[in-house]
>>> print(open('data-v7.cif').read())   # mmCIF, C-alpha atoms
data_coords
#
loop_
_atom_site.group_PDB
_atom_site.id
_atom_site.type_symbol
_atom_site.label_atom_id
_atom_site.label_comp_id
_atom_site.auth_asym_id
_atom_site.auth_seq_id
_atom_site.Cartn_x
_atom_site.Cartn_y
_atom_site.Cartn_z
ATOM 1 C CA MET A 44 -35.352 -17.165 11.341
ATOM 2 C CA ASP A 45 -33.927 -14.247 13.298
ATOM 3 C CA LYS A 46 -34.503 -15.939 16.618
ATOM 4 C CA LYS A 47 -33.092 -19.223 15.361
ATOM 5 C CA PHE A 48 -29.990 -17.396 14.162
ATOM 6 C CA TRP A 49 -29.213 -15.939 17.599
ATOM 7 C CA ILE A 50 -29.805 -19.333 19.215
ATOM 8 C CA LEU A 51 -27.383 -20.973 16.766
ATOM 9 C CA LEU A 52 -24.821 -18.243 17.445
ATOM 10 C CA GLY A 53 -25.181 -18.755 21.193
ATOM 11 C CA VAL A 54 -24.877 -22.528 20.851
ATOM 12 C CA MET A 55 -21.649 -22.208 18.862
ATOM 13 C CA ILE A 56 -20.145 -19.879 21.472
ATOM 14 C CA VAL A 57 -21.161 -22.161 24.344
ATOM 15 C CA LEU A 58 -19.688 -25.172 22.517
ATOM 16 C CA SER A 59 -16.333 -23.494 21.886
ATOM 17 C CA PRO A 60 -14.721 -24.550 25.225
ATOM 18 C CA LEU A 61 -15.825 -28.139 24.575
ATOM 19 C CA PHE A 62 -14.112 -28.116 21.196
ATOM 20 C CA ALA A 63 -10.998 -26.563 22.744
ATOM 21 C CA TYR A 64 -10.986 -29.382 25.305
ATOM 22 C CA ALA A 65 -11.445 -32.060 22.631
ATOM 23 C CA ALA A 66 -8.683 -30.514 20.515
ATOM 24 C CA GLU A 67 -6.310 -30.681 23.468
ATOM 25 C CA ILE A 68 -7.095 -34.354 24.125
ATOM 26 C CA VAL A 69 -6.511 -35.540 20.564
ATOM 27 C CA GLY A 70 -3.695 -33.065 19.836
ATOM 28 C CA TYR A 71 -4.403 -32.951 16.114
ATOM 29 C CA SER A 72 -2.944 -30.234 13.910
ATOM 30 C CA GLU A 73 -4.056 -28.488 10.768
ATOM 31 C CA PRO A 74 -2.416 -29.332 7.415
ATOM 32 C CA LEU A 75 -0.556 -25.993 7.525
ATOM 33 C CA GLU A 76 1.087 -26.944 10.841
ATOM 34 C CA ASN A 77 1.835 -30.424 9.532
ATOM 35 C CA VAL A 78 3.577 -29.175 6.406
ATOM 36 C CA ALA A 79 5.544 -26.660 8.510
ATOM 37 C CA GLU A 80 6.772 -29.535 10.644
ATOM 38 C CA MET A 81 7.685 -31.562 7.531
ATOM 39 C CA VAL A 82 10.071 -28.890 6.266
ATOM 40 C CA GLY A 83 11.144 -27.593 9.699
ATOM 41 C CA ALA A 84 9.578 -24.135 9.454
ATOM 42 C CA GLU A 85 9.019 -22.393 12.772
ATOM 43 C CA GLU A 86 6.607 -19.765 13.938
ATOM 44 C CA LYS A 87 8.173 -16.531 15.159
ATOM 45 C CA PRO A 88 5.419 -14.923 17.184
ATOM 46 C CA PHE A 89 6.115 -11.369 18.315
ATOM 47 C CA TYR A 90 2.583 -10.349 19.210
ATOM 48 C CA ASP A 91 0.248 -12.096 21.638
ATOM 49 C CA GLY A 92 -2.941 -10.199 20.968
ATOM 50 C CA LEU A 93 -5.241 -8.960 23.711
ATOM 51 C CA LEU A 94 -6.695 -12.433 24.324
ATOM 52 C CA PRO A 95 -3.830 -14.750 23.289
ATOM 53 C CA ASP A 96 -5.043 -17.835 21.442
ATOM 54 C CA TYR A 97 -8.633 -17.347 22.629
ATOM 55 C CA THR A 98 -7.804 -17.287 26.338
ATOM 56 C CA VAL A 99 -8.121 -14.583 28.971
ATOM 57 C CA PRO A 100 -4.862 -14.127 30.886
ATOM 58 C CA GLY A 101 -5.302 -15.232 34.510
ATOM 59 C CA ILE A 102 -8.513 -17.183 33.926
ATOM 60 C CA ASP A 103 -8.768 -20.943 33.356
ATOM 61 C CA PRO A 104 -8.495 -21.707 29.640
ATOM 62 C CA TYR A 105 -12.027 -23.030 29.122
ATOM 63 C CA THR A 106 -13.772 -20.102 30.757
ATOM 64 C CA GLY A 107 -11.298 -17.951 28.844
ATOM 65 C CA THR A 108 -12.336 -19.561 25.569
ATOM 66 C CA LEU A 109 -15.995 -18.988 26.376
ATOM 67 C CA ILE A 110 -15.360 -15.312 27.175
ATOM 68 C CA SER A 111 -13.135 -14.975 24.090
ATOM 69 C CA GLY A 112 -15.834 -16.498 21.904
ATOM 70 C CA LEU A 113 -18.433 -14.121 23.271
ATOM 71 C CA ILE A 114 -16.238 -11.025 22.993
ATOM 72 C CA GLY A 115 -14.888 -11.968 19.549
ATOM 73 C CA THR A 116 -18.335 -12.673 18.161
ATOM 74 C CA LEU A 117 -19.693 -9.354 19.447
ATOM 75 C CA ILE A 118 -16.720 -7.354 18.134
ATOM 76 C CA THR A 119 -17.018 -9.076 14.744
ATOM 77 C CA LEU A 120 -20.732 -8.351 14.625
ATOM 78 C CA GLY A 121 -20.095 -4.682 15.332
ATOM 79 C CA VAL A 122 -17.099 -4.216 13.039
ATOM 80 C CA ALA A 123 -18.630 -5.990 10.036
ATOM 81 C CA TYR A 124 -21.917 -4.158 10.523
ATOM 82 C CA GLY A 125 -20.138 -0.824 10.786
ATOM 83 C CA LEU A 126 -18.024 -1.547 7.723
ATOM 84 C CA ALA A 127 -21.104 -2.565 5.742
ATOM 85 C CA LYS A 128 -22.934 0.559 6.881
ATOM 86 C CA VAL A 129 -20.076 2.769 5.696
ATOM 87 C CA ALA A 130 -19.763 0.815 2.443
ATOM 88 C CA SER A 131 -23.494 1.020 1.749
ATOM 89 C CA ASN A 132 -23.415 4.819 1.814
ATOM 90 C CA LYS A 133 -24.307 5.708 -1.768
ATOM 91 C CA ARG A 134 -22.738 9.154 -1.540
ATOM 92 C CA LEU A 135 -19.218 7.791 -1.019
ATOM 93 C CA MET B 82 -5.148 -22.248 7.521
ATOM 94 C CA HIS B 83 -4.199 -19.039 9.339
ATOM 95 C CA ILE B 84 -0.525 -18.401 8.586
ATOM 96 C CA PRO B 85 1.380 -17.301 11.710
ATOM 97 C CA ASP B 86 4.299 -14.847 11.908
ATOM 98 C CA GLY B 87 7.624 -16.311 10.838
ATOM 99 C CA PHE B 88 6.341 -18.432 7.964
ATOM 100 C CA LEU B 89 6.416 -15.835 5.184
ATOM 101 C CA ASP B 90 9.332 -13.884 3.774
ATOM 102 C CA LEU B 91 8.701 -10.181 4.196
ATOM 103 C CA SER B 92 8.656 -9.683 0.419
ATOM 104 C CA ILE B 93 5.860 -12.264 0.055
ATOM 105 C CA ALA B 94 4.014 -10.798 3.039
ATOM 106 C CA ALA B 95 4.288 -7.295 1.537
ATOM 107 C CA LEU B 96 3.142 -8.462 -1.908
ATOM 108 C CA PHE B 97 0.002 -10.009 -0.451
ATOM 109 C CA TYR B 98 -0.685 -6.946 1.713
ATOM 110 C CA LEU B 99 -0.616 -4.953 -1.511
ATOM 111 C CA LEU B 100 -2.839 -7.328 -3.516
ATOM 112 C CA THR B 101 -5.257 -7.664 -0.612
ATOM 113 C CA GLY B 102 -5.345 -3.900 -0.070
ATOM 114 C CA ILE B 103 -6.364 -3.374 -3.692
ATOM 115 C CA VAL B 104 -9.163 -5.968 -3.614
ATOM 116 C CA VAL B 105 -10.519 -4.992 -0.180
ATOM 117 C CA GLY B 106 -10.414 -1.305 -1.156
ATOM 118 C CA PHE B 107 -12.267 -2.088 -4.371
ATOM 119 C CA SER B 108 -14.789 -4.198 -2.426
ATOM 120 C CA LEU B 109 -15.393 -1.337 0.006
ATOM 121 C CA PHE B 110 -16.219 0.814 -3.005
ATOM 122 C CA LYS B 111 -18.307 -1.794 -4.875
ATOM 123 C CA ALA B 112 -20.190 -3.268 -1.918
ATOM 124 C CA LYS B 113 -22.817 -0.520 -2.120
ATOM 125 C CA GLU B 114 -24.175 -2.263 -5.223
ATOM 126 C CA GLU B 115 -24.963 -5.279 -3.039
ATOM 127 C CA LEU B 116 -25.961 -3.449 0.109
ATOM 128 C CA ASP B 117 -28.563 -1.098 1.393
ATOM 129 C CA GLU B 118 -29.253 0.079 4.938
ATOM 130 C CA ARG B 119 -31.503 -2.923 5.439
ATOM 131 C CA LYS B 120 -28.797 -5.402 4.456
ATOM 132 C CA ALA B 121 -25.915 -3.989 6.513
ATOM 133 C CA PRO B 122 -26.963 -5.888 9.696
ATOM 134 C CA LEU B 123 -26.911 -9.118 7.695
ATOM 135 C CA VAL B 124 -23.204 -8.547 6.952
ATOM 136 C CA GLY B 125 -22.576 -8.275 10.700
ATOM 137 C CA MET B 126 -24.601 -11.409 11.402
ATOM 138 C CA VAL B 127 -22.837 -13.490 8.745
ATOM 139 C CA ALA B 128 -19.407 -12.322 9.937
ATOM 140 C CA ALA B 129 -20.257 -13.028 13.601
ATOM 141 C CA ALA B 130 -21.534 -16.524 12.793
ATOM 142 C CA ILE B 131 -18.418 -17.295 10.762
ATOM 143 C CA PHE B 132 -16.190 -16.064 13.591
ATOM 144 C CA ALA B 133 -18.004 -18.341 16.059
ATOM 145 C CA ALA B 134 -17.990 -21.311 13.646
ATOM 146 C CA GLN B 135 -14.236 -20.915 13.104
ATOM 147 C CA MET B 136 -13.644 -21.392 16.833
ATOM 148 C CA LEU B 137 -14.961 -24.934 16.550
ATOM 149 C CA ASN B 138 -12.015 -27.101 15.570
ATOM 150 C CA TRP B 139 -13.185 -30.532 14.472
ATOM 151 C CA PRO B 140 -10.821 -33.438 15.039
ATOM 152 C CA ILE B 141 -10.790 -35.485 11.843
ATOM 153 C CA PRO B 142 -10.106 -39.229 12.281
ATOM 154 C CA GLY B 143 -6.562 -39.855 11.090
ATOM 155 C CA GLY B 144 -4.895 -37.017 12.956
ATOM 156 C CA THR B 145 -5.879 -33.753 11.332
ATOM 157 C CA SER B 146 -8.109 -30.999 12.564
ATOM 158 C CA ALA B 147 -10.163 -28.566 10.556
ATOM 159 C CA HIS B 148 -12.619 -25.783 11.101
ATOM 160 C CA PHE B 149 -15.232 -24.287 8.820
ATOM 161 C CA VAL B 150 -13.825 -21.232 7.035
ATOM 162 C CA GLY B 151 -16.920 -19.825 5.364
ATOM 163 C CA GLY B 152 -15.622 -17.594 2.578
ATOM 164 C CA ALA B 153 -17.814 -19.179 -0.084
ATOM 165 C CA LEU B 154 -20.848 -19.009 2.202
ATOM 166 C CA ALA B 155 -20.241 -15.295 2.845
ATOM 167 C CA GLY B 156 -19.894 -14.626 -0.901
ATOM 168 C CA ILE B 157 -23.071 -16.523 -1.786
ATOM 169 C CA LEU B 158 -25.158 -14.938 0.985
ATOM 170 C CA LEU B 159 -23.918 -11.359 0.744
ATOM 171 C CA GLY B 160 -22.442 -11.038 -2.722
ATOM 172 C CA PRO B 161 -18.685 -11.164 -3.348
ATOM 173 C CA PHE B 162 -17.820 -7.582 -2.347
ATOM 174 C CA ALA B 163 -19.834 -7.493 0.885
ATOM 175 C CA GLY B 164 -18.749 -11.096 1.526
ATOM 176 C CA CYS B 165 -15.126 -10.015 1.207
ATOM 177 C CA LEU B 166 -15.713 -7.228 3.758
ATOM 178 C CA ALA B 167 -17.377 -9.673 6.185
ATOM 179 C CA MET B 168 -14.498 -12.151 5.948
ATOM 180 C CA THR B 169 -11.900 -9.368 6.196
ATOM 181 C CA SER B 170 -13.537 -8.232 9.466
ATOM 182 C CA VAL B 171 -13.291 -11.777 10.833
ATOM 183 C CA LEU B 172 -9.614 -12.185 9.895
ATOM 184 C CA VAL B 173 -8.524 -8.752 11.142
ATOM 185 C CA ILE B 174 -10.190 -9.345 14.521
ATOM 186 C CA GLN B 175 -8.731 -12.856 14.778
ATOM 187 C CA GLY B 176 -5.261 -11.459 14.076
ATOM 188 C CA LEU B 177 -5.409 -8.302 16.206
ATOM 189 C CA VAL B 178 -7.370 -9.517 19.218
ATOM 190 C CA PHE B 179 -6.517 -13.226 19.399
ATOM 191 C CA ALA B 180 -3.166 -13.457 17.553
ATOM 192 C CA ASP B 181 -4.777 -16.127 15.348
ATOM 193 C CA GLY B 182 -2.860 -15.579 12.133
ATOM 194 C CA GLY B 183 0.294 -13.429 12.216
ATOM 195 C CA LEU B 184 0.293 -9.676 11.794
ATOM 196 C CA THR B 185 2.896 -9.890 9.022
ATOM 197 C CA ALA B 186 0.823 -12.654 7.386
ATOM 198 C CA LEU B 187 -2.478 -10.792 7.683
ATOM 199 C CA GLY B 188 -2.393 -9.665 4.051
ATOM 200 C CA ALA B 189 -1.848 -13.244 2.890
ATOM 201 C CA ASN B 190 -4.499 -14.643 5.226
ATOM 202 C CA VAL B 191 -7.068 -12.097 4.063
ATOM 203 C CA TRP B 192 -6.070 -12.863 0.470
ATOM 204 C CA ASN B 193 -6.612 -16.612 0.932
ATOM 205 C CA MET B 194 -9.778 -16.607 3.023
ATOM 206 C CA ALA B 195 -11.476 -13.261 2.291
ATOM 207 C CA VAL B 196 -10.530 -12.817 -1.363
ATOM 208 C CA VAL B 197 -9.819 -16.182 -3.053
ATOM 209 C CA ASN B 198 -12.285 -18.189 -0.956
ATOM 210 C CA VAL B 199 -15.055 -15.580 -1.308
ATOM 211 C CA PHE B 200 -14.740 -14.663 -4.983
ATOM 212 C CA VAL B 201 -13.979 -18.183 -6.232
ATOM 213 C CA GLY B 202 -16.787 -19.568 -4.073
ATOM 214 C CA TYR B 203 -19.235 -16.955 -5.303
ATOM 215 C CA TYR B 204 -18.472 -17.417 -9.005
ATOM 216 C CA VAL B 205 -18.381 -21.211 -8.802
ATOM 217 C CA TYR B 206 -21.804 -21.048 -7.141
ATOM 218 C CA ARG B 207 -23.185 -18.606 -9.667
ATOM 219 C CA ILE B 208 -21.980 -20.550 -12.699
ATOM 220 C CA SER B 209 -22.824 -24.030 -11.415
ATOM 221 C CA SER B 210 -26.254 -23.064 -10.064
ATOM 222 C CA GLU B 211 -27.361 -22.559 -13.650
ATOM 223 C CA LYS B 212 -26.871 -26.288 -14.230
ATOM 224 C CA ILE B 213 -27.438 -27.896 -10.826
ATOM 225 C CA SER B 214 -29.567 -27.152 -7.754
ATOM 226 C CA THR B 215 -28.547 -24.269 -5.497
ATOM 227 C CA THR B 216 -27.716 -26.733 -2.725
ATOM 228 C CA ALA B 217 -25.433 -28.787 -4.959
ATOM 229 C CA ALA B 218 -23.873 -25.593 -6.329
ATOM 230 C CA ALA B 219 -23.213 -24.398 -2.769
ATOM 231 C CA PHE B 220 -21.471 -27.689 -1.990
ATOM 232 C CA VAL B 221 -19.190 -27.362 -5.018
ATOM 233 C CA ALA B 222 -18.521 -23.682 -4.224
ATOM 234 C CA GLY B 223 -17.579 -24.424 -0.603
ATOM 235 C CA TRP B 224 -15.366 -27.301 -1.644
ATOM 236 C CA ILE B 225 -13.489 -25.618 -4.498
ATOM 237 C CA GLY B 226 -13.271 -22.276 -2.678
ATOM 238 C CA ILE B 227 -11.497 -23.715 0.351
ATOM 239 C CA THR B 228 -9.224 -25.923 -1.741
ATOM 240 C CA LEU B 229 -8.013 -22.973 -3.828
ATOM 241 C CA ALA B 230 -7.527 -20.878 -0.697
ATOM 242 C CA ALA B 231 -5.328 -23.666 0.710
ATOM 243 C CA ILE B 232 -3.361 -23.897 -2.535
ATOM 244 C CA PHE B 233 -2.677 -20.150 -2.292
ATOM 245 C CA ALA B 234 -1.464 -20.635 1.287
ATOM 246 C CA GLY B 235 0.783 -23.402 -0.061
ATOM 247 C CA ILE B 236 2.173 -21.049 -2.725
ATOM 248 C CA GLU B 237 2.844 -18.241 -0.223
ATOM 249 C CA ILE B 238 4.701 -20.433 2.280
ATOM 250 C CA GLY B 239 6.367 -22.438 -0.507
ATOM 251 C CA LEU B 240 7.904 -19.246 -1.935
ATOM 252 C CA SER B 241 9.345 -18.349 1.489
ATOM 253 C CA SER B 242 12.805 -19.139 2.842
ATOM 254 C CA SER B 243 11.567 -20.614 6.145
ATOM 255 C CA PHE B 244 9.984 -23.377 4.052
ATOM 256 C CA ASP B 245 13.203 -23.764 2.005
ATOM 257 C CA PHE B 246 11.248 -22.597 -1.046
ATOM 258 C CA SER B 247 9.744 -26.092 -1.143
ATOM 259 C CA ILE B 248 6.694 -25.063 -3.151
ATOM 260 C CA GLY B 249 6.746 -28.529 -4.753
ATOM 261 C CA VAL B 250 5.889 -29.953 -1.329
ATOM 262 C CA THR B 251 3.733 -27.242 0.233
ATOM 263 C CA VAL B 252 1.257 -26.848 -2.629
ATOM 264 C CA PRO B 253 0.444 -30.583 -3.018
ATOM 265 C CA VAL B 254 0.242 -31.133 0.749
ATOM 266 C CA MET B 255 -2.043 -28.137 1.321
ATOM 267 C CA GLY B 256 -4.052 -28.818 -1.821
ATOM 268 C CA ILE B 257 -4.608 -32.536 -1.258
ATOM 269 C CA TRP B 258 -5.426 -32.204 2.449
ATOM 270 C CA HIS B 259 -7.884 -29.412 1.912
ATOM 271 C CA THR B 260 -9.458 -31.213 -1.038
ATOM 272 C CA ILE B 261 -10.359 -33.911 1.486
ATOM 273 C CA LEU B 262 -11.255 -31.589 4.388
ATOM 274 C CA GLY B 263 -13.051 -29.306 1.917
ATOM 275 C CA ILE B 264 -15.822 -31.863 1.567
ATOM 276 C CA LEU B 265 -16.916 -30.844 5.078
ATOM 277 C CA GLU B 266 -16.754 -27.182 4.099
ATOM 278 C CA GLY B 267 -18.951 -28.020 1.104
ATOM 279 C CA ILE B 268 -21.466 -29.941 3.194
ATOM 280 C CA ILE B 269 -21.845 -27.108 5.727
ATOM 281 C CA THR B 270 -22.082 -24.484 2.962
ATOM 282 C CA ALA B 271 -24.737 -26.572 1.181
ATOM 283 C CA GLY B 272 -26.639 -27.154 4.430
ATOM 284 C CA VAL B 273 -26.855 -23.449 5.223
ATOM 285 C CA ILE B 274 -27.738 -22.404 1.661
ATOM 286 C CA GLY B 275 -30.279 -25.233 1.360
ATOM 287 C CA TYR B 276 -31.920 -24.160 4.608
ATOM 288 C CA ILE B 277 -31.996 -20.491 3.677
ATOM 289 C CA THR B 278 -33.363 -21.312 0.205
ATOM 290 C CA SER B 279 -36.284 -23.049 1.887
ATOM 291 C CA VAL B 280 -37.082 -20.520 4.636
ATOM 292 C CA ARG B 281 -35.785 -17.154 3.395
ATOM 293 C CA PRO B 282 -35.281 -17.289 -0.382
ATOM 294 C CA ASP B 283 -35.458 -13.479 -0.416
ATOM 295 C CA LEU B 284 -32.051 -13.365 1.316
ATOM 296 C CA LEU B 285 -30.460 -15.018 -1.678
ATOM 297 C CA GLN B 286 -32.246 -12.429 -3.785
ATOM 298 C CA THR B 287 -32.545 -12.815 -7.490
ATOM 299 C CA ARG B 288 -28.870 -12.156 -7.962
ATOM 300 C CA VAL B 289 -28.283 -15.661 -9.237
ATOM 301 C CA LEU B 290 -31.399 -15.862 -11.324
ATOM 302 C CA THR B 291 -31.003 -12.579 -13.131
ATOM 303 C CA GLY B 292 -27.200 -12.369 -13.159
#
>>> encode(input="data-v7.cif", output="structure tokens")
Amino acid sequence: MDKKFWILLGVMIVLSPLFAYAAEIVGYSEPLENVAEMVGAEEKPFYDGLLPDYTVPGIDPYTGTLISGLIGTLITLGVAYGLAKVASNKRL
Amino acid sequence: MHIPDGFLDLSIAALFYLLTGIVVGFSLFKAKEELDERKAPLVGMVAAAIFAAQMLNWPIPGGTSAHFVGGALAGILLGPFAGCLAMTSVLVIQGLVFADGGLTALGANVWNMAVVNVFVGYYVYRISSEKISTTAAAFVAGWIGITLAAIFAGIEIGLSSSFDFSIGVTVPVMGIWHTILGILEGIITAGVIGYITSVRPDLLQTRVLTG
């Protein structure tokens, strides 16, 4: 089970650029974006993040997505694990 | 379903930061009932898998796209408090590192996907699994959890001036679309729970059976 889990995780990360490519071709939006367009609401971004929209500045977007997926997954693994470790401390 | 900056009035954003802060704080305190040292890595694994799954945006025939959200799955696998912490980790990292979901909207996004989706999903699963199989209960939990999360997103934007306070439009649109897209969320949730029930029933513990 453990081994299968890491394989699944790796497969999802490797697939992420493919999904980004497919999303760009079809140009579909989420319901939230659609309803925003219906009523004319606009995003007002003021913060780009370190890896804006799952890309790495200066690198082609698909490699950037792959790197973003890898980095994001690892950070999430670490942060959630750390948080759970702190939360599981019975003395707190 | 990640609300970007500019969609929410600051009063709505602040209200949901407050509500979210209370629930996440309480979860941090209560999660020890669900966790021990042995289970902490599982929280990291579930969160990491949900982060990766959320990167996969599926084009849905007809012109909409959707990705798995996973709040119900996290609640069922980890318990609602630890599940809330796992989902909060995902959303905070998405917002801070990737600007996916606005910083002002982070409280609302955590509320929708790490609080409503997790707790509703968990309790729907727990109640319905007494009557139907765990796989069927997981489907219903995934489906209802995501739909209610979307309805909350509809309420938050619909109460904001940038959406002309058109809550009569935003709630039905978000609710109806995610009721349809939520079927996929339910199928994936059921698939994972069904698989884990067959290979690692210990992970699902006896929480459901004895609770």
>>> interface_residues(input="data-v7.cif", of="chain B", to="chain A", cutoff="7 Å", atoms="only C-alpha atoms", output="short mmCIF file (atom, residue, chain, number, x, y, z; two decimals) with C-alpha atoms, in the frame of the given file")
data_model
loop_
_atom_site.label_atom_id
_atom_site.label_comp_id
_atom_site.auth_asym_id
_atom_site.auth_seq_id
_atom_site.Cartn_x
_atom_site.Cartn_y
_atom_site.Cartn_z
CA MET B 82 -5.15 -22.25 7.52
CA PRO B 85 1.38 -17.30 11.71
CA ASP B 86 4.30 -14.85 11.91
CA GLY B 87 7.62 -16.31 10.84
CA PHE B 88 6.34 -18.43 7.96
CA LEU B 109 -15.39 -1.34 0.01
CA PHE B 110 -16.22 0.81 -3.00
CA ALA B 112 -20.19 -3.27 -1.92
CA LYS B 113 -22.82 -0.52 -2.12
CA LEU B 116 -25.96 -3.45 0.11
CA ASP B 117 -28.56 -1.10 1.39
CA GLU B 118 -29.25 0.08 4.94
CA ALA B 121 -25.92 -3.99 6.51
CA PRO B 122 -26.96 -5.89 9.70
CA VAL B 124 -23.20 -8.55 6.95
CA GLY B 125 -22.58 -8.28 10.70
CA MET B 126 -24.60 -11.41 11.40
CA ALA B 128 -19.41 -12.32 9.94
CA ALA B 129 -20.26 -13.03 13.60
CA ALA B 130 -21.53 -16.52 12.79
CA PHE B 132 -16.19 -16.06 13.59
CA ALA B 133 -18.00 -18.34 16.06
CA ALA B 134 -17.99 -21.31 13.65
CA MET B 136 -13.64 -21.39 16.83
CA LEU B 137 -14.96 -24.93 16.55
CA ASN B 138 -12.02 -27.10 15.57
CA PRO B 140 -10.82 -33.44 15.04
CA GLY B 144 -4.89 -37.02 12.96
CA THR B 145 -5.88 -33.75 11.33
CA SER B 146 -8.11 -31.00 12.56
CA ALA B 147 -10.16 -28.57 10.56
CA ALA B 167 -17.38 -9.67 6.18
CA SER B 170 -13.54 -8.23 9.47
CA VAL B 171 -13.29 -11.78 10.83
CA ILE B 174 -10.19 -9.35 14.52
CA LEU B 177 -5.41 -8.30 16.21
CA VAL B 178 -7.37 -9.52 19.22
CA PHE B 179 -6.52 -13.23 19.40
CA ALA B 180 -3.17 -13.46 17.55
CA ASP B 181 -4.78 -16.13 15.35
CA SER B 243 11.57 -20.61 6.14
CA PHE B 244 9.98 -23.38 4.05
CA THR B 251 3.73 -27.24 0.23
CA VAL B 254 0.24 -31.13 0.75
CA MET B 255 -2.04 -28.14 1.32
CA TRP B 258 -5.43 -32.20 2.45
#
>>> resolve_selection(input="data-v7.cif", expression="the PyMOL selection byres ((chain B and resi 98) around 10)", output="PyMOL selection string")
chain B and resi 92-97+99-103+185-192
>>> atom_distance(input="data-v7.cif", atom1="atom CA of B:His259", atom2="atom CA of B:Thr228")
5.2 Å
>>> atom_distance(input="data-v7.cif", atom1="atom CA of B:Ile236", atom2="atom CA of B:Val201")
16.8 Å
>>> atom_distance(input="data-v7.cif", atom1="atom CA of B:Lys120", atom2="atom CA of B:Ile274")
17.3 Å
>>> closest_residue(input="data-v7.cif", among="B:Ile277, B:Met168, B:Ile261, B:Val173", to="B:Gly143", atoms="all atoms listed in the file")
B:Ile261
>>> decode(input="data-v7.cif", residues="stretch 75-87 of chain A", atoms="N, CA, C and O atoms", output="PDB file, in the first residue's frame")
ATOM      1  N   LEU A  75     -17.088  29.036 -10.747  1.00  0.00           N
ATOM      2  CA  LEU A  75     -16.842  30.308 -10.050  1.00  0.00           C
ATOM      3  C   LEU A  75     -16.434  31.406 -11.043  1.00  0.00           C
ATOM      4  O   LEU A  75     -16.898  32.540 -10.968  1.00  0.00           O
ATOM      5  N   GLU A  76     -15.558  31.051 -11.996  1.00  0.00           N
ATOM      6  CA  GLU A  76     -15.131  32.026 -13.004  1.00  0.00           C
ATOM      7  C   GLU A  76     -16.284  32.382 -13.935  1.00  0.00           C
ATOM      8  O   GLU A  76     -16.428  33.531 -14.366  1.00  0.00           O
ATOM      9  N   ASN A  77     -17.119  31.376 -14.233  1.00  0.00           N
ATOM     10  CA  ASN A  77     -18.258  31.626 -15.114  1.00  0.00           C
ATOM     11  C   ASN A  77     -19.270  32.587 -14.483  1.00  0.00           C
ATOM     12  O   ASN A  77     -19.772  33.492 -15.146  1.00  0.00           O
ATOM     13  N   VAL A  78     -19.543  32.376 -13.203  1.00  0.00           N
ATOM     14  CA  VAL A  78     -20.531  33.244 -12.547  1.00  0.00           C
ATOM     15  C   VAL A  78     -19.954  34.651 -12.377  1.00  0.00           C
ATOM     16  O   VAL A  78     -20.675  35.648 -12.479  1.00  0.00           O
ATOM     17  N   ALA A  79     -18.636  34.750 -12.178  1.00  0.00           N
ATOM     18  CA  ALA A  79     -17.995  36.067 -12.084  1.00  0.00           C
ATOM     19  C   ALA A  79     -18.169  36.819 -13.397  1.00  0.00           C
ATOM     20  O   ALA A  79     -18.450  38.018 -13.422  1.00  0.00           O
ATOM     21  N   GLU A  80     -18.014  36.093 -14.497  1.00  0.00           N
ATOM     22  CA  GLU A  80     -18.164  36.716 -15.809  1.00  0.00           C
ATOM     23  C   GLU A  80     -19.615  37.159 -16.031  1.00  0.00           C
ATOM     24  O   GLU A  80     -19.866  38.227 -16.580  1.00  0.00           O
ATOM     25  N   MET A  81     -20.561  36.328 -15.571  1.00  0.00           N
ATOM     26  CA  MET A  81     -21.988  36.649 -15.729  1.00  0.00           C
ATOM     27  C   MET A  81     -22.335  37.999 -15.114  1.00  0.00           C
ATOM     28  O   MET A  81     -23.100  38.770 -15.682  1.00  0.00           O
ATOM     29  N   VAL A  82     -21.789  38.260 -13.914  1.00  0.00           N
ATOM     30  CA  VAL A  82     -22.168  39.499 -13.223  1.00  0.00           C
ATOM     31  C   VAL A  82     -21.095  40.588 -13.369  1.00  0.00           C
ATOM     32  O   VAL A  82     -21.239  41.673 -12.830  1.00  0.00           O
ATOM     33  N   GLY A  83     -20.031  40.292 -14.106  1.00  0.00           N
ATOM     34  CA  GLY A  83     -18.999  41.301 -14.374  1.00  0.00           C
ATOM     35  C   GLY A  83     -18.048  41.551 -13.216  1.00  0.00           C
ATOM     36  O   GLY A  83     -17.468  42.632 -13.115  1.00  0.00           O
ATOM     37  N   ALA A  84     -17.875  40.558 -12.342  1.00  0.00           N
ATOM     38  CA  ALA A  84     -16.915  40.722 -11.245  1.00  0.00           C
ATOM     39  C   ALA A  84     -15.502  40.461 -11.765  1.00  0.00           C
ATOM     40  O   ALA A  84     -15.304  39.591 -12.605  1.00  0.00           O
ATOM     41  N   GLU A  85     -14.547  41.259 -11.259  1.00  0.00           N
ATOM     42  CA  GLU A  85     -13.174  41.075 -11.727  1.00  0.00           C
ATOM     43  C   GLU A  85     -12.218  40.773 -10.598  1.00  0.00           C
ATOM     44  O   GLU A  85     -12.341  41.316  -9.507  1.00  0.00           O
ATOM     45  N   GLU A  86     -11.249  39.911 -10.915  1.00  0.00           N
ATOM     46  CA  GLU A  86     -10.192  39.636  -9.957  1.00  0.00           C
ATOM     47  C   GLU A  86      -9.335  40.874  -9.789  1.00  0.00           C
ATOM     48  O   GLU A  86      -9.146  41.631 -10.731  1.00  0.00           O
ATOM     49  N   LYS A  87      -8.828  41.076  -8.559  1.00  0.00           N
ATOM     50  CA  LYS A  87      -7.868  42.165  -8.343  1.00  0.00           C
ATOM     51  C   LYS A  87      -6.638  41.580  -7.668  1.00  0.00           C
ATOM     52  O   LYS A  87      -6.419  41.759  -6.479  1.00  0.00           O
TER      53      LYS A  87
END
